[in-house]
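Reading through the structure tokens given below for one structure.
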Amino acid sequence: MGLVEGGHVLVTGGAGYVGSVCAAVLCEQGYRVTVIDDLSTGNREAVPSAAAFLEGDVLDRAPEALADDCAAVFHFAAKSLVGESVESPDIYWHGNVVTSLQLLDLMRAHGVDNLVFSSTAACYGEPEEVPITEEMPTAPTNPYGASKLSIDQIITSYAHAYGLGATSLRYFNVAGAYGATGENRVVETHLIPLVLQVALDAREQIMVFGDDWPTPDGTCVRDYIHIRDLADAHLLAARSNSPGTHRIFNLGSGDGYSVQQVIDTCRDVTGHAIPAVTAPRRAGDPATLIASSARAINELGWAPTRSDLHTIVSDAWAFTSRLGDRAHFARR
Ligand code: UDP
């Protein structure tokens, strides 16, 4: 059965960027929330104060939460760096696939049959065409994407065989901030937070990874989605999950913006000149990634309202400029 009002939700990885915003929105909407996070990449202060917090390994701590009248699991805890996954795939196969498989077994053992899984556009690899629909072939180009795709496949088989009701959400480029939570990673590789650190004078310049891509202005095109819109989709999914069914939805705005357009928007929003220099292409980057979110809009009733680039960057800037000064980032 779908998640009903006030139910108890276990959020794994709820101290991370996406997990903590989803946990916050669940709390605001009256659900009882337990967060499990080992704080290896998350921030303790990102966990909403209304949530119970269990620090530690997901598999060690999950039984306690699952046994406590748990109605649904939002599973975010994962490793998510593409480069690291190429260097150290063992971390991704164990940390993502094996852990998720064991979590599903724990859910089964406790009779918890409602799952929302944090999947990724990296499942599709280099697309043959855009916008990318859920019917397009999955061909991940790195172990990170492959690990998430494998988990999706495990979930499908558990739904069919064991009655799990699940939704996998394949995110495109999540950005922006909500309340006290935004992108605040120890190792930052993402475009928008890096550009905003330049605006804060915490970095000298932004490197543009290639200006000779087959795109209108020569820089890579991505589909940015606001973190708060993303959180809405998770709640809609949990409420409408149905036993024995595994649904997969892409989540993006449906619009593509180039790296150059992102930098220009950050200049507009911050009033900072933001020096940019062209650097070589980054290995593994596709030229253009744009989602079709038609299925999520039609079937989930998802209605993104904040995923235009200006709103995303404005909210991200409000967060980054509040977070700190150069010293905050220099300490990292
Ligand atoms: N990018 C860039 N300079 C940076 C970081 C990212 O030019 O310092 C580009 C990157 O090549 C990609 C886009 O910005 O085309 C978005 O990258 P990000 O790492 O934010 O997300 P990804 O699309 O890799 O998930």
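Ligands are numbered from 1 in the order shown, chains are lettered A, B, ... in the order of the structure tokens, and residues start at 1 in each chain.
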
Identify, counting only C-alpha atoms and all ligand atoms, the protein, DNA and RNA residues located within 6 Å of ligand 1, and give them as a PyMOL selection string. chain A and resi 173+189-191+206-209+220+259+282+285

If we count only C-alpha atoms and set the cut-off at 8 Å, which residues sit around region 136-142 of chain A, ignoring sequence neighbours fewer than 4 positions away in its own chain? Please answer as a PyMOL selection string. chain A and resi 82+85-86+122-126+132+146+149+284

Residue set, region 39-149 of chain A restricted to strand (DSSP E), as a PyMOL selection string: chain A and resi 52-55+70-75+114-120

Distance criterion (only C-alpha atoms): nearest to Glu188 (chain A) out of A:Ser20, A:Thr305, A:Thr41, A:Gln29: A:Thr41

Using only C-alpha atoms, which residues sit within 8 Å of Thr288 (chain A) once same-chain residues fewer than 3 positions away are excluded, as a PyMOL selection string? chain A and resi 130+215+220-222+256

Please save N, CA and C atoms of the selected residues as a JSON list (two decimals), in the first residue's frame.
```
[["chain", "number", "residue", "atom", "x", "y", "z"],
["A", 130, "VAL", "N", 18.23, 12.91, -27.52],
["A", 130, "VAL", "CA", 17.59, 13.55, -26.37],
["A", 130, "VAL", "C", 16.26, 14.14, -26.86],
["A", 215, "THR", "N", 27.53, 21.39, -29.58],
["A", 215, "THR", "CA", 26.36, 22.04, -28.94],
["A", 215, "THR", "C", 26.32, 23.47, -29.46],
["A", 220, "CYS", "N", 29.16, 21.91, -22.82],
["A", 220, "CYS", "CA", 28.23, 20.79, -22.57],
["A", 220, "CYS", "C", 26.86, 21.28, -22.09],
["A", 221, "VAL", "N", 25.84, 20.57, -22.50],
["A", 221, "VAL", "CA", 24.47, 20.91, -22.12],
["A", 221, "VAL", "C", 23.94, 19.87, -21.13],
["A", 222, "ARG", "N", 23.35, 20.37, -20.04],
["A", 222, "ARG", "CA", 22.78, 19.51, -19.01],
["A", 222, "ARG", "C", 21.38, 19.99, -18.63],
["A", 256, "GLY", "N", 17.56, 22.03, -21.56],
["A", 256, "GLY", "CA", 19.01, 21.92, -21.47],
["A", 256, "GLY", "C", 19.65, 23.30, -21.37]]
```

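The space separating CA of Gln102 (chain A) from CA of Ser147 (chain A) comes to 14.3 Å.
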
Can you pull out every residue from region 3-204 of chain A that DSSP, working from the backbone, puts in helix (DSSP H, G or I), and format the result as an MDAnalysis selection string? chainID A and resid 17:28 44:46 58:66 82:87 89:109 121:123 143:162 191:199

Find the spatial neighbours of region 313-321 of chain A, counting only C-alpha atoms, within a cut-off of 12 Å - ignore same-chain residues fewer than 5 positions away - and output them as an MDAnalysis selection string. chainID A and resid 174:185 191:202 224:228 261:272 306:308 326 328:329

Could you tell me which of A:Val187, A:His160, A:Asn298, A:Leu59 comes closest to Ser100 (chain A) if we count only C-alpha atoms? A:Leu59

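Using only C-alpha atoms for every distance, the candidate list A:Leu3, A:Ala52, A:Val112, A:Leu164 yields A:Ala52 as the residue closest to Thr34 (chain A).
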